[in-house]
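Heads up, start23.cif below (mmCIF, C-alpha atoms):
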```
data_model
loop_
_atom_site.label_atom_id
_atom_site.label_comp_id
_atom_site.auth_asym_id
_atom_site.auth_seq_id
_atom_site.Cartn_x
_atom_site.Cartn_y
_atom_site.Cartn_z
CA MET L 1 9.78 25.00 51.73
CA THR L 2 12.77 27.27 51.14
CA PHE L 3 15.14 24.51 52.32
CA ALA L 4 13.66 22.05 49.84
CA LEU L 5 14.04 24.62 47.09
CA ALA L 6 17.65 25.31 48.04
CA LEU L 7 18.44 21.57 48.05
CA ASP L 8 16.74 21.25 44.68
CA LEU L 9 18.82 24.07 43.19
CA PHE L 10 22.00 22.65 44.72
CA LEU L 11 21.40 19.14 43.37
CA SER L 12 20.50 20.49 39.93
CA ALA L 13 23.70 22.56 39.80
CA ILE L 14 25.83 19.52 40.73
CA LEU L 15 24.07 17.36 38.11
CA ILE L 16 24.47 19.85 35.26
CA GLY L 17 28.10 20.50 36.18
CA GLY L 18 28.87 16.78 36.33
CA GLY L 19 27.17 16.12 33.00
CA LEU L 20 29.18 18.86 31.32
CA PHE L 21 32.41 17.43 32.76
CA ALA L 22 31.58 13.96 31.45
CA LEU L 23 30.93 15.50 28.04
CA VAL L 24 34.28 17.37 28.16
CA GLY L 25 36.05 14.09 28.97
CA SER L 26 34.58 12.29 25.98
CA TYR L 27 35.14 15.31 23.73
CA GLY L 28 38.79 15.48 24.83
CA LEU L 29 39.17 11.87 23.77
CA LEU L 30 38.29 12.94 20.23
CA ARG L 31 40.05 16.30 20.14
CA LEU L 32 43.48 15.81 21.72
CA PRO L 33 46.07 14.89 19.09
CA ARG L 34 48.57 12.60 20.86
CA PRO L 35 47.86 9.23 22.55
CA MET L 36 49.34 10.17 25.93
CA GLN L 37 47.29 13.37 25.98
CA ARG L 38 44.12 11.45 25.24
CA LEU L 39 44.74 9.42 28.39
CA HIS L 40 44.22 12.58 30.48
CA ALA L 41 40.74 13.67 29.48
CA PRO L 42 38.50 10.68 30.30
CA THR L 43 40.25 9.20 33.35
CA LYS L 44 39.36 12.21 35.47
CA ALA L 45 36.59 14.30 33.93
CA THR L 46 34.37 11.26 33.57
CA THR L 47 34.96 10.22 37.16
CA VAL L 48 33.74 13.66 38.26
CA GLY L 49 30.64 13.19 36.09
CA VAL L 50 29.79 9.88 37.74
CA GLY L 51 30.63 11.35 41.14
CA ALA L 52 28.05 14.09 40.59
CA ALA L 53 25.35 11.55 39.69
CA LEU L 54 26.19 9.47 42.78
CA VAL L 55 26.12 12.45 45.16
CA VAL L 56 22.75 13.55 43.79
CA SER L 57 21.41 10.00 43.98
CA ALA L 58 22.48 9.63 47.61
CA LEU L 59 21.03 12.99 48.68
CA ASP L 60 17.85 12.54 46.66
CA LEU L 61 17.16 9.11 48.14
CA ALA L 62 17.99 10.44 51.61
CA GLY L 63 15.47 13.25 51.02
CA GLN L 64 12.84 10.58 50.37
CA GLY L 65 13.73 8.76 53.58
CA GLN L 66 15.67 5.86 52.03
CA VAL L 67 19.28 5.50 53.08
CA SER L 68 21.54 3.85 50.53
CA TRP L 69 25.23 3.16 51.11
CA GLN L 70 26.00 1.71 47.71
CA GLU L 71 26.77 5.16 46.25
CA GLY L 72 29.67 5.36 48.67
CA LEU L 73 30.86 1.93 47.55
CA ILE L 74 30.74 2.85 43.85
CA THR L 75 32.54 6.17 44.47
CA LEU L 76 35.24 4.41 46.49
CA PHE L 77 35.64 1.75 43.85
CA LEU L 78 35.90 4.24 40.97
CA LEU L 79 38.42 6.37 42.88
CA LEU L 80 40.55 3.30 43.59
CA THR L 81 40.40 1.72 40.14
CA ALA L 82 40.67 4.76 37.83
CA PRO L 83 44.39 5.29 38.61
CA ILE L 84 45.12 1.58 38.10
CA SER L 85 43.53 1.34 34.68
CA ALA L 86 45.21 4.63 33.70
CA LEU L 87 48.58 3.21 34.80
CA PHE L 88 48.04 0.02 32.80
CA LEU L 89 47.04 2.02 29.70
CA ALA L 90 50.13 4.23 30.07
CA LYS L 91 52.37 1.16 30.42
CA THR L 92 50.79 -0.35 27.30
CA LEU L 93 51.40 2.87 25.36
CA ILE L 94 55.04 2.99 26.49
CA LEU L 95 55.70 -0.67 25.67
CA ARG L 96 54.11 -0.43 22.22
CA GLY L 97 56.02 2.77 21.44
CA GLU L 98 52.85 4.79 20.93
CA ALA L 99 53.67 7.24 23.74
CA ASP L 100 55.81 10.31 23.18
CA PRO L 101 59.21 8.81 22.45
CA ASN L 102 61.54 11.14 24.37
CA LEU L 103 61.27 9.41 27.76
CA PRO L 104 63.43 11.05 30.43
CA ASP L 105 66.04 9.08 32.33
CA PRO L 106 64.90 7.72 35.72
CA GLY L 107 68.08 9.08 37.27
CA THR L 108 68.54 6.00 39.45
CA GLY L 109 70.77 3.94 37.17
CA GLN L 110 67.96 1.51 36.31
CA PRO L 111 65.51 1.67 33.40
CA TRP L 112 61.75 2.18 33.67
CA ALA L 113 60.01 -0.99 34.78
CA THR L 114 58.01 -1.47 31.55
CA LEU L 115 61.14 -1.32 29.39
CA ALA L 116 63.44 -3.31 31.69
CA GLU L 117 64.84 -6.57 30.35
CA GLU L 118 63.24 -8.78 32.97
CA ARG L 119 60.02 -7.04 33.67
CA PRO L 120 58.59 -7.61 37.13
CA ASP L 121 54.87 -8.26 37.41
CA PRO L 122 53.06 -5.10 36.33
CA MET T 1 10.66 21.00 40.80
CA ILE T 2 13.68 21.74 38.63
CA LEU T 3 15.55 18.53 39.42
CA PRO T 4 13.81 16.58 36.62
CA TYR T 5 14.96 19.17 34.08
CA ALA T 6 18.53 19.04 35.40
CA LEU T 7 18.31 15.25 35.21
CA ALA T 8 17.17 15.47 31.59
CA ILE T 9 20.16 17.71 30.77
CA PHE T 10 22.49 15.27 32.55
CA LEU T 11 21.08 12.30 30.65
CA ALA T 12 21.44 14.23 27.38
CA CYS T 13 25.10 14.99 28.20
CA ILE T 14 25.84 11.34 29.01
CA VAL T 15 24.10 10.04 25.89
CA LEU T 16 26.00 12.56 23.76
CA SER T 17 29.24 11.41 25.46
CA LEU T 18 28.40 7.80 24.58
CA VAL T 19 27.76 8.77 20.96
CA LEU T 20 31.14 10.57 20.86
CA ASN T 21 32.72 7.45 22.40
CA ILE T 22 31.24 5.19 19.75
CA TRP T 23 32.52 7.57 17.08
CA ARG T 24 35.98 7.37 18.69
CA LEU T 25 35.73 3.58 18.91
CA LEU T 26 35.11 3.39 15.17
CA THR T 27 37.85 5.86 14.21
CA ALA T 28 40.48 5.11 16.88
CA PRO T 29 43.99 5.00 15.44
CA THR T 30 45.38 2.33 17.82
CA VAL T 31 44.26 -0.62 19.93
CA THR T 32 45.19 1.19 23.14
CA ASP T 33 42.84 4.01 22.19
CA ARG T 34 40.02 1.50 21.83
CA ILE T 35 40.68 0.11 25.31
CA LEU T 36 40.69 3.65 26.71
CA THR T 37 37.42 4.38 24.91
CA LEU T 38 35.80 1.20 26.22
CA ASP T 39 36.91 2.13 29.74
CA THR T 40 35.35 5.58 29.31
CA MET T 41 32.17 4.02 27.96
CA THR T 42 31.88 1.85 31.07
CA VAL T 43 32.14 4.86 33.34
CA ASN T 44 29.60 6.74 31.23
CA ALA T 45 27.27 3.75 31.35
CA ILE T 46 27.51 3.75 35.15
CA ALA T 47 26.54 7.44 35.15
CA LEU T 48 23.61 6.65 32.83
CA VAL T 49 22.34 3.83 35.07
CA VAL T 50 22.67 5.91 38.24
CA ALA T 51 20.89 8.87 36.63
CA TYR T 52 18.09 6.59 35.46
CA GLY T 53 17.83 5.31 39.03
CA ILE T 54 17.30 8.88 40.26
CA TRP T 55 14.70 9.35 37.53
CA ALA T 56 12.86 6.19 38.57
CA GLY T 57 13.15 7.16 42.24
CA THR T 58 14.49 3.81 43.44
CA GLY T 59 17.84 2.55 44.67
CA LEU T 60 17.55 -0.75 42.79
CA TYR T 61 19.50 0.45 39.78
CA LEU T 62 22.56 1.06 41.95
CA GLU T 63 23.18 -2.69 42.06
CA ILE T 64 23.56 -2.68 38.27
CA ALA T 65 26.00 0.22 38.61
CA VAL T 66 28.05 -1.75 41.17
CA ILE T 67 28.34 -4.71 38.81
CA PHE T 68 29.26 -2.43 35.90
CA ALA T 69 32.00 -0.81 38.00
CA LEU T 70 33.42 -4.21 38.97
CA THR T 71 33.42 -5.85 35.54
CA GLY T 72 34.44 -2.77 33.57
CA PHE T 73 37.63 -2.32 35.56
CA VAL T 74 38.60 -5.98 35.33
CA GLY T 75 37.90 -5.86 31.59
CA SER T 76 40.18 -2.93 30.81
CA VAL T 77 42.99 -4.26 32.98
CA ALA T 78 42.73 -7.69 31.32
CA TYR T 79 42.97 -6.13 27.83
CA CYS T 80 46.02 -4.09 28.87
CA LYS T 81 47.64 -7.07 30.54
CA TYR T 82 47.18 -9.10 27.37
CA LEU T 83 48.91 -6.40 25.32
CA LEU T 84 51.67 -6.03 27.92
CA ARG T 85 52.49 -9.66 28.62
CA GLY T 86 50.87 -11.72 25.89
CA SER T 87 48.67 -13.55 28.39
CA ILE T 88 46.19 -12.62 31.10
CA ILE T 89 46.71 -15.25 33.79
CA GLU T 90 50.26 -16.46 34.25
CA MET M 1 44.22 -14.95 67.26
CA LYS M 2 47.13 -13.60 65.24
CA ARG M 3 47.09 -16.68 63.01
CA LEU M 4 43.33 -16.50 62.47
CA PHE M 5 43.37 -12.75 61.72
CA PRO M 6 46.73 -11.90 60.14
CA HIS M 7 45.42 -8.48 59.06
CA PRO M 8 42.78 -7.18 61.49
CA TYR M 9 42.29 -3.86 59.65
CA LEU M 10 41.78 -5.69 56.37
CA SER M 11 39.17 -7.89 58.06
CA LEU M 12 37.33 -4.85 59.43
CA THR M 13 37.46 -3.14 56.02
CA LEU M 14 36.04 -6.23 54.35
CA ILE M 15 33.19 -6.41 56.87
CA ALA M 16 32.36 -2.73 56.29
CA LEU M 17 32.55 -3.22 52.49
CA TRP M 18 30.19 -6.19 52.65
CA PHE M 19 27.64 -4.09 54.53
CA LEU M 20 27.97 -1.34 51.91
CA LEU M 21 27.42 -3.95 49.20
CA VAL M 22 24.34 -5.67 50.63
CA ASN M 23 22.95 -2.33 51.82
CA GLN M 24 20.94 -3.68 54.76
CA LEU M 25 21.59 -4.28 58.43
CA LYS M 26 20.59 -7.87 59.13
CA ILE M 27 22.11 -10.57 61.30
CA GLY M 28 22.57 -12.81 58.23
CA SER M 29 24.71 -10.21 56.47
CA LEU M 30 26.82 -9.88 59.62
CA VAL M 31 27.51 -13.64 59.63
CA MET M 32 28.45 -13.56 55.95
CA ALA M 33 30.62 -10.45 56.51
CA ILE M 34 32.52 -12.16 59.34
CA ILE M 35 33.05 -15.31 57.25
CA LEU M 36 34.42 -13.23 54.36
CA GLY M 37 36.49 -11.07 56.71
CA THR M 38 38.15 -14.19 58.10
CA VAL M 39 38.64 -16.23 54.94
CA ILE M 40 39.87 -13.58 52.49
CA PRO M 41 42.81 -12.32 54.63
CA LEU M 42 43.82 -15.93 55.32
CA VAL M 43 43.76 -16.90 51.65
CA THR M 44 45.59 -13.79 50.46
CA ALA M 45 48.06 -13.65 53.37
CA ALA M 46 50.86 -14.96 51.14
CA TRP M 47 50.79 -11.71 49.12
CA TRP M 48 50.79 -9.47 52.20
CA PRO M 49 53.92 -10.35 54.14
CA ASN M 50 54.01 -7.14 56.22
CA ARG M 51 51.29 -5.08 57.81
CA PRO M 52 51.23 -1.56 56.38
CA ARG M 53 51.83 0.96 59.14
CA VAL M 54 49.79 4.13 59.27
CA ARG M 55 51.23 6.42 61.92
CA HIS M 56 48.67 9.22 61.78
CA PRO M 57 45.18 8.05 60.68
CA PHE M 58 43.67 11.52 61.18
CA ARG M 59 46.29 13.12 58.97
CA LEU M 60 45.42 10.49 56.38
CA ALA M 61 41.77 11.59 56.52
CA ALA M 62 42.85 15.23 56.11
CA TYR M 63 45.00 14.17 53.16
CA VAL M 64 42.03 12.44 51.48
CA ILE M 65 39.92 15.59 51.84
CA LEU M 66 42.74 17.71 50.40
CA VAL M 67 43.03 15.37 47.41
CA LEU M 68 39.26 15.36 46.77
CA TRP M 69 39.27 19.18 46.80
CA ASP M 70 42.26 19.25 44.41
CA VAL M 71 40.46 16.85 42.06
CA ILE M 72 37.52 19.23 41.76
CA VAL M 73 39.60 22.41 41.39
CA ALA M 74 42.06 20.94 38.90
CA ASN M 75 39.26 19.46 36.78
CA PHE M 76 38.33 23.00 35.77
CA GLN M 77 41.89 23.60 34.55
CA VAL M 78 41.90 20.45 32.43
CA ALA M 79 38.44 21.25 31.05
CA ARG M 80 39.75 24.67 30.00
CA ILE M 81 42.78 23.13 28.29
CA VAL M 82 40.67 20.51 26.50
CA LEU M 83 38.03 22.98 25.34
CA PHE M 84 39.83 26.20 24.54
CA MET M 85 43.58 25.72 24.12
CA PRO M 86 44.69 25.37 20.49
CA ARG M 87 46.01 21.88 19.83
CA ASP M 88 49.53 22.92 18.84
CA ARG M 89 49.95 25.07 21.95
CA ILE M 90 49.43 22.23 24.46
CA ARG M 91 52.88 21.55 25.87
CA SER M 92 52.85 17.97 27.15
CA ASN M 93 55.91 16.84 29.03
CA TRP M 94 57.34 13.87 30.85
CA VAL M 95 58.32 14.55 34.45
CA THR M 96 60.60 12.30 36.51
CA ILE M 97 59.87 12.32 40.21
CA PRO M 98 62.66 10.95 42.41
CA LEU M 99 61.03 9.30 45.43
CA ASP M 100 61.89 9.85 49.08
CA LEU M 101 59.15 7.42 50.13
CA THR M 102 60.12 3.80 50.63
CA SER M 103 57.01 1.92 51.79
CA PRO M 104 55.08 0.38 48.86
CA GLU M 105 51.70 1.49 50.27
CA ALA M 106 52.79 5.13 50.40
CA ILE M 107 54.22 4.97 46.86
CA SER M 108 51.03 3.47 45.42
CA LEU M 109 48.96 6.09 47.25
CA LEU M 110 51.18 8.83 45.80
CA ALA M 111 50.87 7.33 42.31
CA GLY M 112 47.09 7.20 42.65
CA THR M 113 46.98 10.78 43.89
CA ILE M 114 49.05 12.00 40.95
CA THR M 115 46.72 10.29 38.49
CA MET M 116 43.52 11.55 40.14
CA THR M 117 44.66 15.17 40.27
CA PRO M 118 43.97 16.20 36.69
CA GLY M 119 46.76 17.26 34.40
CA THR M 120 49.14 14.53 35.50
CA VAL M 121 49.11 10.74 35.00
CA THR M 122 51.51 8.31 36.65
CA SER M 123 52.87 6.27 33.77
CA ASP M 124 55.59 4.04 35.16
CA ILE M 125 57.96 3.34 38.01
CA SER M 126 61.66 2.72 37.62
CA ALA M 127 62.79 -0.90 37.89
CA CYS M 128 64.34 -0.24 41.31
CA GLY M 129 61.24 1.58 42.61
CA ARG M 130 63.04 4.85 43.36
CA ALA M 131 61.49 7.15 40.74
CA LEU M 132 58.08 7.71 39.16
CA LEU M 133 57.45 8.62 35.54
CA VAL M 134 54.66 11.17 35.27
CA HIS M 135 53.07 12.55 32.11
CA SER M 136 51.81 16.10 32.37
CA LEU M 137 49.14 17.38 29.97
CA HIS M 138 50.26 21.01 29.91
CA ALA M 139 53.52 21.81 31.64
CA PRO M 140 55.78 24.40 30.04
CA ASP M 141 58.01 24.02 33.12
CA PRO M 142 58.37 20.34 34.22
CA GLY M 143 60.47 21.32 37.25
CA ALA M 144 57.56 23.25 38.76
CA VAL M 145 55.26 20.21 38.44
CA ARG M 146 57.84 18.02 40.15
CA ASP M 147 58.36 20.49 42.99
CA GLU M 148 54.61 20.89 43.55
CA ILE M 149 54.00 17.12 43.71
CA LYS M 150 56.94 16.63 46.07
CA SER M 151 55.98 19.43 48.45
CA ARG M 152 52.19 19.12 48.32
CA TYR M 153 51.65 15.35 48.35
CA GLU M 154 54.86 13.44 48.97
CA ALA M 155 55.89 15.44 52.06
CA ARG M 156 52.47 14.83 53.63
CA LEU M 157 52.56 11.10 52.83
CA LYS M 158 56.03 10.85 54.29
CA ARG M 159 54.75 12.33 57.55
CA ILE M 160 51.80 9.91 57.56
CA PHE M 161 53.59 6.66 56.74
CA GLU M 162 57.22 7.02 57.82
#
```

Since I need it in another form, could you write the structure as structure tokens?
Amino acid sequence: MTFALALDLFLSAILIGGGLFALVGSYGLLRLPRPMQRLHAPTKATTVGVGAALVVSALDLAGQGQVSWQEGLITLFLLLTAPISALFLAKTLILRGEADPNLPDPGTGQPWATLAEERPDP
Amino acid sequence: MILPYALAIFLACIVLSLVLNIWRLLTAPTVTDRILTLDTMTVNAIALVVAYGIWAGTGLYLEIAVIFALTGFVGSVAYCKYLLRGSIIE
Amino acid sequence: MKRLFPHPYLSLTLIALWFLLVNQLKIGSLVMAIILGTVIPLVTAAWWPNRPRVRHPFRLAAYVILVLWDVIVANFQVARIVLFMPRDRIRSNWVTIPLDLTSPEAISLLAGTITMTPGTVTSDISACGRALLVHSLHAPDPGAVRDEIKSRYEARLKRIFE
């Protein structure tokens, strides 16, 4: 019975932590003043929130004797796609001039891809 | 034992996040902010669905979460691509 | 064989992904998985001219674990900045990262890693593909961020891929 209790406490701690992180991500979206800063809060904190729910779901179902692999699939998918949507949002901000304007020089003699004359496929 | 209470706290956090997101969606200064907020809302919705699945004690809700993950990502990238290039499929 | 399966690892990944998606071990899902694992690499072969080379798969696994750990640890730092740091004291900075990596797979993996470790977001790549533009949420010293990314992640990826 002590093992079940320990697992219960562990899962509860993960869930509450993840929920608080998700809340911080959405709060950061409101609080941070500049557009590029706002990009930081949700892309990561929210992913951790979902990750917590998925871990608990997998372990909880496993505790009941059902094995489900879809949690792994969702985690993998979120980890792969979050950087891509963040990159696209950053490129949009740079192109529309809403990002912080003092972009550094690439130092390679060529401009940044978003601002280049003939832009390659993003 | 205490897992249902933790689950209730988690659900409360996610619902509060969604309310904050809707507030941001209404007051966002730029279009890009709205796309970012919609992206965040998708991820929060996935968390909500998964947490409800734990609550209901079945793995069926995970399929909804999979579909949300797939369509939400394609949606935000399509919006961004439209703003970047003026069209989605070239 | 080589013409039917231009990317064997991609085919195996697709088969594994299909099983994760349908969530049951049945002979019917295996048939469907093999059909998808054959057709999708053939159809998309035009966009994958070269096979990506991974020299040390086990080091790649160790790298993934390191990144997952960093994601958790660094999330606490970002949460602290978002919650408690006064708005006018957050020093956001652009950081340019000159790349030593050349293979596109390694560069995209590095860009993804930078975005997933909180506090930094990959924002753009230079038109020639030799430098990354990174936005850092709170970096009073941009040089330190650049050095940490280069030594902690890029050096490892270089050992794995090149």

Taking 4 positions as the minimum chain separation for residues in the same chain, which residues sit within 10 Å of region 8-11 of chain T when counting all atoms listed in the file? Answer as a PyMOL selection string. (chain L and resi 12+14-20+22-23+49+52-53) or (chain T and resi 3-4+15-17+47-49+51-52+55)

Result set of the PyMOL selection byres ((chain T and resi 70) around 12) on the coordinates above, as a PDB file with C-alpha atoms, in the coordinates of the input:
```
ATOM      1  CA  LEU L  73      30.860   1.930  47.550  1.00  0.00           C
ATOM      2  CA  ILE L  74      30.740   2.850  43.850  1.00  0.00           C
ATOM      3  CA  THR L  75      32.540   6.170  44.470  1.00  0.00           C
ATOM      4  CA  LEU L  76      35.240   4.410  46.490  1.00  0.00           C
ATOM      5  CA  PHE L  77      35.640   1.750  43.850  1.00  0.00           C
ATOM      6  CA  LEU L  78      35.900   4.240  40.970  1.00  0.00           C
ATOM      7  CA  LEU L  80      40.550   3.300  43.590  1.00  0.00           C
ATOM      8  CA  THR L  81      40.400   1.720  40.140  1.00  0.00           C
ATOM      9  CA  ALA L  82      40.670   4.760  37.830  1.00  0.00           C
TER      10      ALA L  82
ATOM     11  CA  ASP T  39      36.910   2.130  29.740  1.00  0.00           C
ATOM     12  CA  THR T  42      31.880   1.850  31.070  1.00  0.00           C
ATOM     13  CA  VAL T  43      32.140   4.860  33.340  1.00  0.00           C
ATOM     14  CA  ILE T  46      27.510   3.750  35.150  1.00  0.00           C
ATOM     15  CA  GLU T  63      23.180  -2.690  42.060  1.00  0.00           C
ATOM     16  CA  ILE T  64      23.560  -2.680  38.270  1.00  0.00           C
ATOM     17  CA  ALA T  65      26.000   0.220  38.610  1.00  0.00           C
ATOM     18  CA  VAL T  66      28.050  -1.750  41.170  1.00  0.00           C
ATOM     19  CA  ILE T  67      28.340  -4.710  38.810  1.00  0.00           C
ATOM     20  CA  PHE T  68      29.260  -2.430  35.900  1.00  0.00           C
ATOM     21  CA  ALA T  69      32.000  -0.810  38.000  1.00  0.00           C
ATOM     22  CA  THR T  71      33.420  -5.850  35.540  1.00  0.00           C
ATOM     23  CA  GLY T  72      34.440  -2.770  33.570  1.00  0.00           C
ATOM     24  CA  PHE T  73      37.630  -2.320  35.560  1.00  0.00           C
ATOM     25  CA  VAL T  74      38.600  -5.980  35.330  1.00  0.00           C
ATOM     26  CA  GLY T  75      37.900  -5.860  31.590  1.00  0.00           C
ATOM     27  CA  SER T  76      40.180  -2.930  30.810  1.00  0.00           C
ATOM     28  CA  VAL T  77      42.990  -4.260  32.980  1.00  0.00           C
TER      29      VAL T  77
ATOM     30  CA  LEU M  21      27.420  -3.950  49.200  1.00  0.00           C
TER      31      LEU M  21
END
```

Polymer residues at most 7 Å from (52.1, -6.0, 21.1) by only C-alpha atoms, as a PyMOL selection string: (chain L and resi 96) or (chain T and resi 83-84)

Selection from above, C-alpha atoms, as a compact mmCIF listing (two decimals), in the frame of the given file, can you write it?
```txt
# COMPACT_ATOMS: atom_id res chain seq x y z
CA ARG L 96 54.11 -0.43 22.22
CA LEU T 83 48.91 -6.40 25.32
CA LEU T 84 51.67 -6.03 27.92
```

Using the chain letters and numbering of this document, enumerate as number ranges by chain the residues selected by the PyMOL selection byres ((chain M and resi 108-110) around 12). L: 79-81, 83-84, 87; M: 60, 63-64, 67, 97, 99-107, 111-117, 120-122, 124-125, 129, 131-132, 134, 149-158, 160-161

Those residues with C-alpha atoms, as a PDB file, in the frame of the given file please?
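Result saved to selection_19.pdb:
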```
ATOM      1  CA  LEU L  79      38.420   6.370  42.880  1.00  0.00           C
ATOM      2  CA  LEU L  80      40.550   3.300  43.590  1.00  0.00           C
ATOM      3  CA  THR L  81      40.400   1.720  40.140  1.00  0.00           C
ATOM      4  CA  PRO L  83      44.390   5.290  38.610  1.00  0.00           C
ATOM      5  CA  ILE L  84      45.120   1.580  38.100  1.00  0.00           C
ATOM      6  CA  LEU L  87      48.580   3.210  34.800  1.00  0.00           C
TER       7      LEU L  87
ATOM      8  CA  LEU M  60      45.420  10.490  56.380  1.00  0.00           C
ATOM      9  CA  TYR M  63      45.000  14.170  53.160  1.00  0.00           C
ATOM     10  CA  VAL M  64      42.030  12.440  51.480  1.00  0.00           C
ATOM     11  CA  VAL M  67      43.030  15.370  47.410  1.00  0.00           C
ATOM     12  CA  ILE M  97      59.870  12.320  40.210  1.00  0.00           C
ATOM     13  CA  LEU M  99      61.030   9.300  45.430  1.00  0.00           C
ATOM     14  CA  ASP M 100      61.890   9.850  49.080  1.00  0.00           C
ATOM     15  CA  LEU M 101      59.150   7.420  50.130  1.00  0.00           C
ATOM     16  CA  THR M 102      60.120   3.800  50.630  1.00  0.00           C
ATOM     17  CA  SER M 103      57.010   1.920  51.790  1.00  0.00           C
ATOM     18  CA  PRO M 104      55.080   0.380  48.860  1.00  0.00           C
ATOM     19  CA  GLU M 105      51.700   1.490  50.270  1.00  0.00           C
ATOM     20  CA  ALA M 106      52.790   5.130  50.400  1.00  0.00           C
ATOM     21  CA  ILE M 107      54.220   4.970  46.860  1.00  0.00           C
ATOM     22  CA  ALA M 111      50.870   7.330  42.310  1.00  0.00           C
ATOM     23  CA  GLY M 112      47.090   7.200  42.650  1.00  0.00           C
ATOM     24  CA  THR M 113      46.980  10.780  43.890  1.00  0.00           C
ATOM     25  CA  ILE M 114      49.050  12.000  40.950  1.00  0.00           C
ATOM     26  CA  THR M 115      46.720  10.290  38.490  1.00  0.00           C
ATOM     27  CA  MET M 116      43.520  11.550  40.140  1.00  0.00           C
ATOM     28  CA  THR M 117      44.660  15.170  40.270  1.00  0.00           C
ATOM     29  CA  THR M 120      49.140  14.530  35.500  1.00  0.00           C
ATOM     30  CA  VAL M 121      49.110  10.740  35.000  1.00  0.00           C
ATOM     31  CA  THR M 122      51.510   8.310  36.650  1.00  0.00           C
ATOM     32  CA  ASP M 124      55.590   4.040  35.160  1.00  0.00           C
ATOM     33  CA  ILE M 125      57.960   3.340  38.010  1.00  0.00           C
ATOM     34  CA  GLY M 129      61.240   1.580  42.610  1.00  0.00           C
ATOM     35  CA  ALA M 131      61.490   7.150  40.740  1.00  0.00           C
ATOM     36  CA  LEU M 132      58.080   7.710  39.160  1.00  0.00           C
ATOM     37  CA  VAL M 134      54.660  11.170  35.270  1.00  0.00           C
ATOM     38  CA  ILE M 149      54.000  17.120  43.710  1.00  0.00           C
ATOM     39  CA  LYS M 150      56.940  16.630  46.070  1.00  0.00           C
ATOM     40  CA  SER M 151      55.980  19.430  48.450  1.00  0.00           C
ATOM     41  CA  ARG M 152      52.190  19.120  48.320  1.00  0.00           C
ATOM     42  CA  TYR M 153      51.650  15.350  48.350  1.00  0.00           C
ATOM     43  CA  GLU M 154      54.860  13.440  48.970  1.00  0.00           C
ATOM     44  CA  ALA M 155      55.890  15.440  52.060  1.00  0.00           C
ATOM     45  CA  ARG M 156      52.470  14.830  53.630  1.00  0.00           C
ATOM     46  CA  LEU M 157      52.560  11.100  52.830  1.00  0.00           C
ATOM     47  CA  LYS M 158      56.030  10.850  54.290  1.00  0.00           C
ATOM     48  CA  ILE M 160      51.800   9.910  57.560  1.00  0.00           C
ATOM     49  CA  PHE M 161      53.590   6.660  56.740  1.00  0.00           C
TER      50      PHE M 161
END
```

Do a neighbour search on Ile22 (chain T) at 12 Å with all atoms listed in the file, toss out local chain neighbours closer than 4 positions, and write the hits as a list in words. Ser26, Tyr27, Leu29 and Leu30 of chain L; Val15, Leu16, Ser17, Leu18, Leu26, Thr27, Ala28, Asp33, Arg34, Leu36, Thr37, Leu38, Asp39, Thr40, Met41, Thr42 and Asn44 of chain T

Close residues, Ala139 (chain M) itself excluded, 10 Å, only C-alpha atoms, min 3 positions apart in chain, as a ChimeraX atom specification: /M:90-95,119-120,135-136,142-145

Would you list the contacts of Leu115 (chain L) as a list in words, taking every protein, DNA or RNA residue within 12 Å and counting all atoms listed in the file, but skipping same-chain residues closer than 6 positions in sequence? Lys91, Thr92, Leu93, Ile94, Leu95, Arg96, Gly97, Leu103, Asp105, Pro106 and Pro122 of chain L; Leu84 of chain T; Asp124, Ile125, Ser126 and Ala127 of chain M
